[in-house]
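*Asks:* query-v5.csv is reproduced below (CSV, C-alpha atoms (C1' of nucleotides)).
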```csv
chain,number,residue,atom,x,y,z
Q,1,MET,CA,53.3,112.3,4.0
Q,2,ASP,CA,56.3,114.3,2.8
Q,3,ARG,CA,56.5,115.3,-0.9
Q,4,SER,CA,60.1,114.1,-1.2
Q,5,GLU,CA,59.0,110.5,-0.4
Q,6,PHE,CA,57.2,110.2,-3.7
Q,7,ASP,CA,59.0,112.0,-6.6
Q,8,LEU,CA,57.1,111.4,-9.9
Q,9,ASP,CA,60.3,112.2,-11.8
Q,10,ARG,CA,61.9,109.2,-10.2
Q,11,PHE,CA,58.9,107.0,-10.5
Q,12,THR,CA,59.3,104.3,-13.1
Q,13,PRO,CA,55.6,103.9,-14.1
Q,14,TYR,CA,55.3,107.6,-14.7
Q,15,LEU,CA,58.5,107.8,-16.7
Q,16,LEU,CA,57.4,104.8,-18.8
Q,17,ASN,CA,54.0,106.3,-19.5
Q,18,ARG,CA,55.4,109.7,-20.4
Q,19,VAL,CA,57.8,108.2,-22.9
Q,20,ALA,CA,55.1,105.9,-24.4
Q,21,GLY,CA,52.9,108.9,-24.8
Q,22,ARG,CA,55.6,110.8,-26.7
Q,23,ILE,CA,56.2,107.9,-29.0
Q,24,VAL,CA,52.6,107.6,-29.8
Q,25,THR,CA,52.4,111.4,-30.6
Q,26,ALA,CA,55.4,111.1,-32.8
Q,27,PHE,CA,53.8,108.3,-34.8
Q,28,GLU,CA,50.3,109.7,-35.0
Q,29,ALA,CA,50.8,111.5,-38.3
Q,30,ASP,CA,52.0,108.4,-40.1
Q,31,LEU,CA,49.0,106.5,-38.7
Q,32,ALA,CA,46.6,109.2,-39.8
Q,33,ALA,CA,48.1,109.1,-43.3
Q,34,GLN,CA,47.0,105.5,-43.6
Q,35,ASP,CA,43.7,106.1,-41.8
Q,36,VAL,CA,44.8,103.6,-39.1
Q,37,SER,CA,44.1,104.0,-35.4
Q,38,LEU,CA,46.7,103.2,-32.8
Q,39,GLY,CA,44.9,100.1,-31.8
Q,40,GLN,CA,44.6,99.0,-35.4
Q,41,TRP,CA,48.3,99.5,-35.9
Q,42,ARG,CA,49.1,97.3,-32.9
Q,43,VAL,CA,46.8,94.6,-34.3
Q,44,LEU,CA,48.4,94.9,-37.8
Q,45,ALA,CA,52.0,94.8,-36.3
Q,46,SER,CA,51.2,91.8,-34.2
Q,47,VAL,CA,49.5,89.7,-36.9
Q,48,TRP,CA,52.2,90.7,-39.4
Q,49,HIS,CA,54.8,89.6,-37.0
Q,50,GLU,CA,53.2,86.3,-36.1
Q,51,GLY,CA,51.7,85.5,-39.4
Q,52,GLU,CA,48.4,84.2,-37.9
Q,53,LEU,CA,46.8,84.8,-34.5
Q,54,MET,CA,43.7,84.0,-32.6
Q,55,GLN,CA,41.8,87.0,-31.2
Q,56,THR,CA,42.7,86.1,-27.7
Q,57,GLU,CA,46.3,86.1,-28.6
Q,58,ILE,CA,46.0,89.5,-30.2
Q,59,SER,CA,44.3,90.7,-27.1
Q,60,ARG,CA,47.2,89.5,-25.0
Q,61,HIS,CA,49.8,91.1,-27.4
Q,62,THR,CA,48.0,94.5,-27.5
Q,63,SER,CA,46.2,94.8,-24.2
Q,64,ILE,CA,43.0,95.5,-26.2
Q,65,ASP,CA,39.9,94.1,-24.5
Q,66,THR,CA,38.4,91.1,-26.4
Q,67,SER,CA,35.1,92.9,-26.9
Q,68,THR,CA,36.7,96.0,-28.4
Q,69,LEU,CA,38.9,93.7,-30.5
Q,70,SER,CA,35.9,91.8,-31.8
Q,71,ARG,CA,34.4,94.9,-33.2
Q,72,MET,CA,37.7,96.4,-34.3
Q,73,LEU,CA,38.6,93.3,-36.3
Q,74,ALA,CA,35.1,93.3,-37.9
Q,75,GLY,CA,35.7,96.8,-39.1
Q,76,MET,CA,39.2,96.0,-40.4
Q,77,GLU,CA,37.9,92.9,-42.2
Q,78,LYS,CA,35.1,95.0,-43.8
Q,79,ARG,CA,37.8,97.4,-44.9
Q,80,GLY,CA,39.8,94.5,-46.4
Q,81,LEU,CA,42.8,94.7,-44.1
Q,82,LEU,CA,42.5,91.2,-42.8
Q,83,LYS,CA,40.4,88.1,-42.9
Q,84,ARG,CA,39.0,85.9,-40.1
Q,85,GLU,CA,38.2,82.2,-40.4
Q,86,LYS,CA,37.3,79.6,-38.0
Q,87,SER,CA,40.1,77.4,-36.7
Q,88,HIS,CA,39.9,73.7,-37.6
Q,89,GLU,CA,41.6,72.5,-34.4
Q,90,ASP,CA,39.4,74.6,-32.1
Q,91,SER,CA,36.1,75.7,-33.6
Q,92,ARG,CA,35.6,78.3,-31.0
Q,93,ALA,CA,38.7,80.2,-32.2
Q,94,VAL,CA,38.9,82.6,-35.1
Q,95,LEU,CA,42.2,82.8,-36.9
Q,96,VAL,CA,43.2,86.3,-38.1
Q,97,ARG,CA,45.4,86.8,-41.1
Q,98,LEU,CA,46.4,89.9,-43.1
Q,99,THR,CA,45.2,90.4,-46.6
Q,100,ALA,CA,47.6,91.7,-49.3
Q,101,LYS,CA,46.1,95.1,-48.6
Q,102,GLY,CA,46.7,94.8,-44.9
Q,103,LYS,CA,50.3,93.6,-45.5
Q,104,LYS,CA,50.9,96.5,-47.8
Q,105,ILE,CA,49.7,99.1,-45.3
Q,106,THR,CA,51.6,97.5,-42.5
Q,107,GLU,CA,54.8,97.4,-44.5
Q,108,THR,CA,54.4,101.1,-45.2
Q,109,LEU,CA,54.0,101.8,-41.5
Q,110,ILE,CA,56.8,99.6,-40.2
Q,111,PRO,CA,59.7,101.6,-41.6
Q,112,GLN,CA,58.0,104.8,-40.3
Q,113,ALA,CA,57.6,103.2,-36.9
Q,114,MET,CA,61.3,102.2,-37.0
Q,115,ALA,CA,62.2,105.8,-37.9
Q,116,VAL,CA,60.3,107.0,-34.8
Q,117,GLU,CA,62.2,104.4,-32.7
Q,118,ALA,CA,65.5,105.6,-34.2
Q,119,ALA,CA,64.7,109.2,-33.4
Q,120,ALA,CA,63.8,108.2,-29.9
Q,121,GLN,CA,67.0,106.4,-29.4
Q,122,GLU,CA,69.3,109.0,-31.0
Q,123,GLY,CA,72.4,109.7,-29.1
Q,124,LEU,CA,72.2,106.6,-26.9
Q,125,ALA,CA,75.6,105.0,-26.2
Q,126,PRO,CA,76.4,101.6,-27.9
Q,127,GLY,CA,74.8,98.9,-25.9
Q,128,ASP,CA,72.3,101.2,-24.2
Q,129,VAL,CA,69.4,100.0,-26.4
Q,130,ALA,CA,70.2,96.4,-25.5
Q,131,LYS,CA,70.5,97.3,-21.9
Q,132,LEU,CA,67.1,99.1,-22.0
Q,133,HIS,CA,65.5,96.1,-23.7
Q,134,SER,CA,67.0,93.8,-21.1
Q,135,LEU,CA,65.7,95.9,-18.2
Q,136,LEU,CA,62.2,96.1,-19.8
Q,137,ARG,CA,62.1,92.4,-20.3
Q,138,ARG,CA,63.1,91.7,-16.7
Q,139,ILE,CA,60.5,94.1,-15.4
Q,140,TYR,CA,57.9,92.5,-17.6
Q,141,ALA,CA,58.9,89.0,-16.3
Q,142,ASN,CA,58.7,90.3,-12.7
Q,143,LEU,CA,55.1,91.2,-13.2
Q,144,THR,CA,54.0,88.0,-14.8
H,1,MET,CA,59.5,92.7,-46.6
H,2,ASP,CA,61.2,90.0,-44.4
H,3,ARG,CA,59.9,89.2,-41.0
H,4,SER,CA,63.3,89.4,-39.5
H,5,GLU,CA,63.6,93.1,-40.4
H,6,PHE,CA,61.0,94.0,-37.8
H,7,ASP,CA,61.1,92.0,-34.7
H,8,LEU,CA,58.5,93.2,-32.1
H,9,ASP,CA,60.5,91.7,-29.3
H,10,ARG,CA,63.3,94.1,-30.1
H,11,PHE,CA,61.0,97.0,-30.8
H,12,THR,CA,61.3,99.6,-28.0
H,13,PRO,CA,57.8,101.0,-28.3
H,14,TYR,CA,56.3,97.6,-28.1
H,15,LEU,CA,58.4,96.6,-25.1
H,16,LEU,CA,57.5,99.9,-23.3
H,17,ASN,CA,53.8,99.5,-24.0
H,18,ARG,CA,53.9,95.9,-22.8
H,19,VAL,CA,55.6,96.8,-19.5
H,20,ALA,CA,53.3,99.8,-19.0
H,21,GLY,CA,50.3,97.5,-19.4
H,22,ARG,CA,51.5,95.1,-16.9
H,23,ILE,CA,52.2,97.8,-14.3
H,24,VAL,CA,48.6,99.1,-14.8
H,25,THR,CA,47.2,95.6,-14.3
H,26,ALA,CA,49.3,95.1,-11.2
H,27,PHE,CA,47.9,98.3,-9.7
H,28,GLU,CA,44.3,98.0,-10.7
H,29,ALA,CA,43.1,96.2,-7.6
H,30,ASP,CA,44.5,99.0,-5.4
H,31,LEU,CA,42.8,101.6,-7.5
H,32,ALA,CA,39.5,99.7,-7.5
H,33,ALA,CA,39.6,99.5,-3.7
H,34,GLN,CA,39.6,103.3,-3.6
H,35,ASP,CA,37.1,103.6,-6.4
H,36,VAL,CA,39.6,105.6,-8.4
H,37,SER,CA,40.2,105.1,-12.2
H,38,LEU,CA,43.6,105.0,-13.7
H,39,GLY,CA,43.1,108.5,-15.2
H,40,GLN,CA,42.0,109.8,-11.8
H,41,TRP,CA,45.0,108.3,-10.1
H,42,ARG,CA,47.3,110.1,-12.6
H,43,VAL,CA,45.5,113.3,-11.8
H,44,LEU,CA,45.8,112.8,-8.1
H,45,ALA,CA,49.4,111.9,-8.3
H,46,SER,CA,50.3,114.9,-10.4
H,47,VAL,CA,48.4,117.4,-8.3
H,48,TRP,CA,49.7,115.9,-5.1
H,49,HIS,CA,53.2,116.1,-6.4
H,50,GLU,CA,53.0,119.7,-7.7
H,51,GLY,CA,50.7,121.1,-5.0
H,52,GLU,CA,48.6,123.1,-7.4
H,53,LEU,CA,48.2,122.8,-11.2
H,54,MET,CA,46.2,124.3,-14.0
H,55,GLN,CA,44.1,121.9,-16.1
H,56,THR,CA,46.4,122.4,-19.1
H,57,GLU,CA,49.4,121.4,-17.0
H,58,ILE,CA,47.5,118.3,-15.7
H,59,SER,CA,46.7,117.4,-19.3
H,60,ARG,CA,50.4,117.7,-20.2
H,61,HIS,CA,51.5,115.6,-17.3
H,62,THR,CA,48.9,112.8,-17.8
H,63,SER,CA,48.3,112.9,-21.6
H,64,ILE,CA,44.6,113.2,-20.8
H,65,ASP,CA,42.7,115.3,-23.3
H,66,THR,CA,41.5,118.7,-21.9
H,67,SER,CA,37.9,118.0,-22.7
H,68,THR,CA,38.0,114.6,-20.9
H,69,LEU,CA,39.9,116.2,-18.1
H,70,SER,CA,37.3,119.0,-17.7
H,71,ARG,CA,34.6,116.5,-17.1
H,72,MET,CA,36.8,114.2,-15.0
H,73,LEU,CA,37.8,117.0,-12.7
H,74,ALA,CA,34.2,118.1,-12.3
H,75,GLY,CA,33.3,114.6,-11.1
H,76,MET,CA,36.3,114.5,-8.8
H,77,GLU,CA,35.3,117.8,-7.4
H,78,LYS,CA,31.7,116.7,-6.8
H,79,ARG,CA,33.1,113.7,-5.0
H,80,GLY,CA,35.2,116.0,-2.8
H,81,LEU,CA,38.6,114.9,-3.9
H,82,LEU,CA,39.8,118.3,-5.1
H,83,LYS,CA,38.7,121.8,-5.7
H,84,ARG,CA,39.0,124.2,-8.6
H,85,GLU,CA,39.2,127.9,-8.4
H,86,LYS,CA,39.9,130.6,-10.9
H,87,SER,CA,43.5,131.9,-10.9
H,88,HIS,CA,44.1,135.5,-10.0
H,89,GLU,CA,47.0,136.0,-12.4
H,90,ASP,CA,45.1,134.5,-15.4
H,91,SER,CA,41.4,134.5,-15.1
H,92,ARG,CA,41.1,132.0,-17.9
H,93,ALA,CA,42.9,129.4,-15.9
H,94,VAL,CA,41.5,127.1,-13.2
H,95,LEU,CA,43.8,126.1,-10.4
H,96,VAL,CA,43.3,122.6,-9.1
H,97,ARG,CA,44.2,121.6,-5.5
H,98,LEU,CA,43.5,118.5,-3.5
H,99,THR,CA,41.1,118.5,-0.6
H,100,ALA,CA,42.0,116.7,2.6
H,101,LYS,CA,40.0,113.8,1.4
H,102,GLY,CA,41.8,113.8,-1.9
H,103,LYS,CA,45.2,113.9,-0.1
H,104,LYS,CA,44.2,111.0,2.1
H,105,ILE,CA,43.2,108.8,-0.7
H,106,THR,CA,46.3,109.7,-2.7
H,107,GLU,CA,48.5,109.0,0.3
H,108,THR,CA,46.9,105.6,0.6
H,109,LEU,CA,47.6,104.8,-3.0
H,110,ILE,CA,51.2,106.1,-3.2
H,111,PRO,CA,52.8,103.4,-1.0
H,112,GLN,CA,50.8,100.8,-2.9
H,113,ALA,CA,52.0,102.3,-6.2
H,114,MET,CA,55.6,102.2,-4.9
H,115,ALA,CA,55.1,98.6,-3.9
H,116,VAL,CA,54.1,97.8,-7.5
H,117,GLU,CA,57.2,99.6,-8.7
H,118,ALA,CA,59.4,97.7,-6.2
H,119,ALA,CA,58.0,94.4,-7.4
H,120,ALA,CA,58.6,95.4,-11.0
H,121,GLN,CA,62.2,96.3,-10.3
H,122,GLU,CA,63.0,93.3,-8.1
H,123,GLY,CA,66.3,91.7,-8.9
H,124,LEU,CA,67.7,94.6,-10.9
H,125,ALA,CA,71.3,95.2,-10.2
H,126,PRO,CA,72.4,98.3,-8.2
H,127,GLY,CA,72.4,101.2,-10.5
H,128,ASP,CA,70.1,99.6,-13.0
H,129,VAL,CA,67.1,101.7,-12.0
H,130,ALA,CA,69.1,104.8,-12.3
H,131,LYS,CA,70.3,103.7,-15.7
H,132,LEU,CA,66.7,102.9,-16.8
H,133,HIS,CA,65.5,106.4,-15.6
H,134,SER,CA,68.4,108.0,-17.4
H,135,LEU,CA,67.6,106.2,-20.7
H,136,LEU,CA,63.9,107.0,-20.4
H,137,ARG,CA,64.6,110.7,-19.8
H,138,ARG,CA,67.0,110.8,-22.7
H,139,ILE,CA,64.4,109.2,-25.0
H,140,TYR,CA,61.7,111.6,-23.7
H,141,ALA,CA,64.0,114.6,-24.4
H,142,ASN,CA,64.7,113.3,-27.9
H,143,LEU,CA,61.0,113.4,-28.8
H,144,THR,CA,60.4,116.8,-27.4
R,1,DT,C1',29.2,58.7,-21.0
R,2,DT,C1',27.6,62.8,-17.9
R,3,DG,C1',28.2,67.0,-15.5
R,4,DC,C1',31.1,70.9,-14.2
R,5,DT,C1',34.5,74.3,-15.4
R,6,DT,C1',37.2,76.9,-18.6
R,7,DT,C1',38.0,79.2,-22.8
R,8,DT,C1',36.7,81.8,-27.1
R,9,DG,C1',34.2,85.1,-29.1
R,10,DT,C1',30.0,88.2,-29.7
R,11,DT,C1',26.6,91.7,-28.3
R,12,DG,C1',23.8,95.0,-25.1
R,13,DC,C1',24.3,99.0,-22.8
R,14,DA,C1',26.0,102.7,-20.1
R,15,DA,C1',30.0,105.4,-19.5
R,16,DA,C1',34.2,107.4,-21.3
R,17,DT,C1',36.6,109.5,-25.0
R,18,DG,C1',38.1,112.9,-28.3
R,19,DC,C1',37.4,116.0,-32.1
R,20,DA,C1',35.0,120.5,-33.3
R,21,DA,C1',33.1,124.5,-32.2
R,22,DC,C1',32.6,128.1,-29.0
R,23,DT,C1',33.4,131.7,-25.2
R,24,DA,C1',36.5,134.3,-22.6
R,25,DT,C1',40.9,136.0,-21.6
R,26,DC,C1',45.6,137.0,-22.5
R,27,DA,C1',49.7,138.3,-25.5
R,28,DT,C1',51.8,140.6,-29.3
R,29,DG,C1',52.7,143.8,-33.1
R,30,DG,C1',51.7,147.9,-35.2
N,1,DC,C1',45.2,152.0,-28.5
N,2,DC,C1',43.3,148.3,-31.6
N,3,DA,C1',43.7,144.2,-34.3
N,4,DT,C1',45.2,139.7,-34.7
N,5,DG,C1',46.4,135.5,-33.0
N,6,DA,C1',47.3,132.3,-29.2
N,7,DT,C1',45.7,130.0,-24.9
N,8,DA,C1',42.4,128.0,-21.1
N,9,DG,C1',38.5,125.8,-20.5
N,10,DT,C1',33.7,124.0,-21.5
N,11,DT,C1',30.1,121.6,-24.1
N,12,DG,C1',27.8,119.1,-28.2
N,13,DC,C1',28.0,115.0,-30.5
N,14,DA,C1',29.4,110.9,-32.6
N,15,DT,C1',32.5,107.2,-31.8
N,16,DT,C1',34.9,104.0,-28.8
N,17,DT,C1',35.4,101.5,-24.8
N,18,DG,C1',34.8,97.9,-21.4
N,19,DC,C1',32.0,95.5,-18.1
N,20,DA,C1',28.2,91.9,-18.0
N,21,DA,C1',25.7,88.5,-19.8
N,22,DC,C1',25.5,85.2,-23.1
N,23,DA,C1',26.3,81.1,-26.5
N,24,DA,C1',29.2,77.7,-28.2
N,25,DA,C1',32.9,74.7,-28.0
N,26,DA,C1',36.6,72.4,-25.5
N,27,DG,C1',38.7,70.2,-21.4
N,28,DC,C1',38.4,67.4,-17.4
N,29,DA,C1',37.0,64.4,-13.7
N,30,DA,C1',34.4,60.6,-12.3
```
As structure tokens, how would this structure be written, given the file I've shared?
*Replies:*
Amino acid sequence: MDRSEFDLDRFTPYLLNRVAGRIVTAFEADLAAQDVSLGQWRVLASVWHEGELMQTEISRHTSIDTSTLSRMLAGMEKRGLLKREKSHEDSRAVLVRLTAKGKKITETLIPQAMAVEAAAQEGLAPGDVAKLHSLLRRIYANLT
Amino acid sequence: MDRSEFDLDRFTPYLLNRVAGRIVTAFEADLAAQDVSLGQWRVLASVWHEGELMQTEISRHTSIDTSTLSRMLAGMEKRGLLKREKSHEDSRAVLVRLTAKGKKITETLIPQAMAVEAAAQEGLAPGDVAKLHSLLRRIYANLT
DNA sequence: TTGCTTTTGTTGCAAATGCAACTATCATGG
DNA sequence: CCATGATAGTTGCATTTGCAACAAAAGCAA
């Protein structure tokens, strides 16, 4: 097989992964300042955004395995970032909600995350961000 | 803070991560068929593409920590996928090269990876892929 | 109702991960 | 040349991860 037939620099998954890695790196200091791991941040952002979520839904939003999530949420609850309580409609399910402390930390991190996003998108032409989002959503849908 | 000020569905890092996760999922069966982990695939693809790489360079390409990589490469070498030999120019460095077996497995996976990419990009207008790559490269450069 | 399947969440356990500490080598400034 | 700092790689060790196996609850079909 010839090398030119597979150029990593034109391979979408590679480019995506590379960018995602850089974004994480750029955000790591902010996370560390709040003593929050990347996974925990994703949980906080998801629950903050949705208001209330079952663990399975968090898992789908964050791609974190449910077993990992179970233990991660236990730790976050012990630390007082969120609380878990059994759902009334489905007594298998556990509903996760942020505490005031969890909200506060999340709302500290959100503007910092948006600053990283802004830095990442600096210099893009008007409409480029919308185009990027549109393409990413289409790709996501294609793989569903 | 108002919920509308931070919409995950318009947050670039979230969209990127979501897409990356789907791509990985779509490729997992192919990887499992070769008994290759995601990290190992990234190593194989990088070394195949470059021909020969130092471990540090592999780490930069794949975002895999050097300590993890050290052990991962040892395992891959034991399995016969690659070989490591000391560099002559810099005797600290270890040069990694694929064996015939490693090349063969990689060249089995490459077309499968490209098929996943093609499925992901299905229905995109002409020029959209180039536009996507261009945006991703710009974002990457912004965070360097 | 009963039996079978699916879904939600937790835990055991082995493997993977990543930070520190360390060695060895190279680069640079006096 | 030597001294200092930077870089490449490995290993120790504690934590994290994720696959299996499991329990409990819900859904569904007959």
*Asks:* Near chain R, meaning an atom within 10 Å, which residues of chain Q appear when counting all atoms listed in the file? Write them as a compact mmCIF listing (two decimals) with C-alpha atoms, keeping the file's coordinate frame.
*Replies:*
```
# COMPACT_ATOMS: atom_id res chain seq x y z
CA MET Q 54 43.70 84.00 -32.60
CA GLN Q 55 41.80 87.00 -31.20
CA THR Q 56 42.70 86.10 -27.70
CA THR Q 66 38.40 91.10 -26.40
CA SER Q 67 35.10 92.90 -26.90
CA LEU Q 69 38.90 93.70 -30.50
CA SER Q 70 35.90 91.80 -31.80
CA ARG Q 71 34.40 94.90 -33.20
CA ASP Q 90 39.40 74.60 -32.10
CA SER Q 91 36.10 75.70 -33.60
CA ARG Q 92 35.60 78.30 -31.00
CA ALA Q 93 38.70 80.20 -32.20
CA VAL Q 94 38.90 82.60 -35.10
```
*Asks:* If you count only C-alpha atoms (C1' of nucleotides), which residues fall within 12 Å of H:Ile110, apart from same-chain ones fewer than 6 positions away, as number ranges by chain?
*Replies:* Q: 1-3, 5-8, 11, 13; H: 27, 30-31, 34, 41-42, 44-46, 48-49, 103-104, 116-117
*Asks:* When distances are computed from only C-alpha atoms (C1' of nucleotides), which of H:Leu143, H:Ala125, H:Leu73, H:Leu136 shows the smallest separation from chain N?
*Replies:*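 Ranked by minimum distance to chain N, first place goes to H:Leu73.
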*Asks:* How far is it from atom CA of H:Val19 to atom CA of Q:Ala32, in Å with one decimal?
*Replies:* 25.4 Å
*Asks:* One decimal, in Å: what's the spacing between atom CA of H:Ala26 and atom CA of H:Thr99?
*Replies:*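 Distance reported for this atom pair: 27.0 Å.
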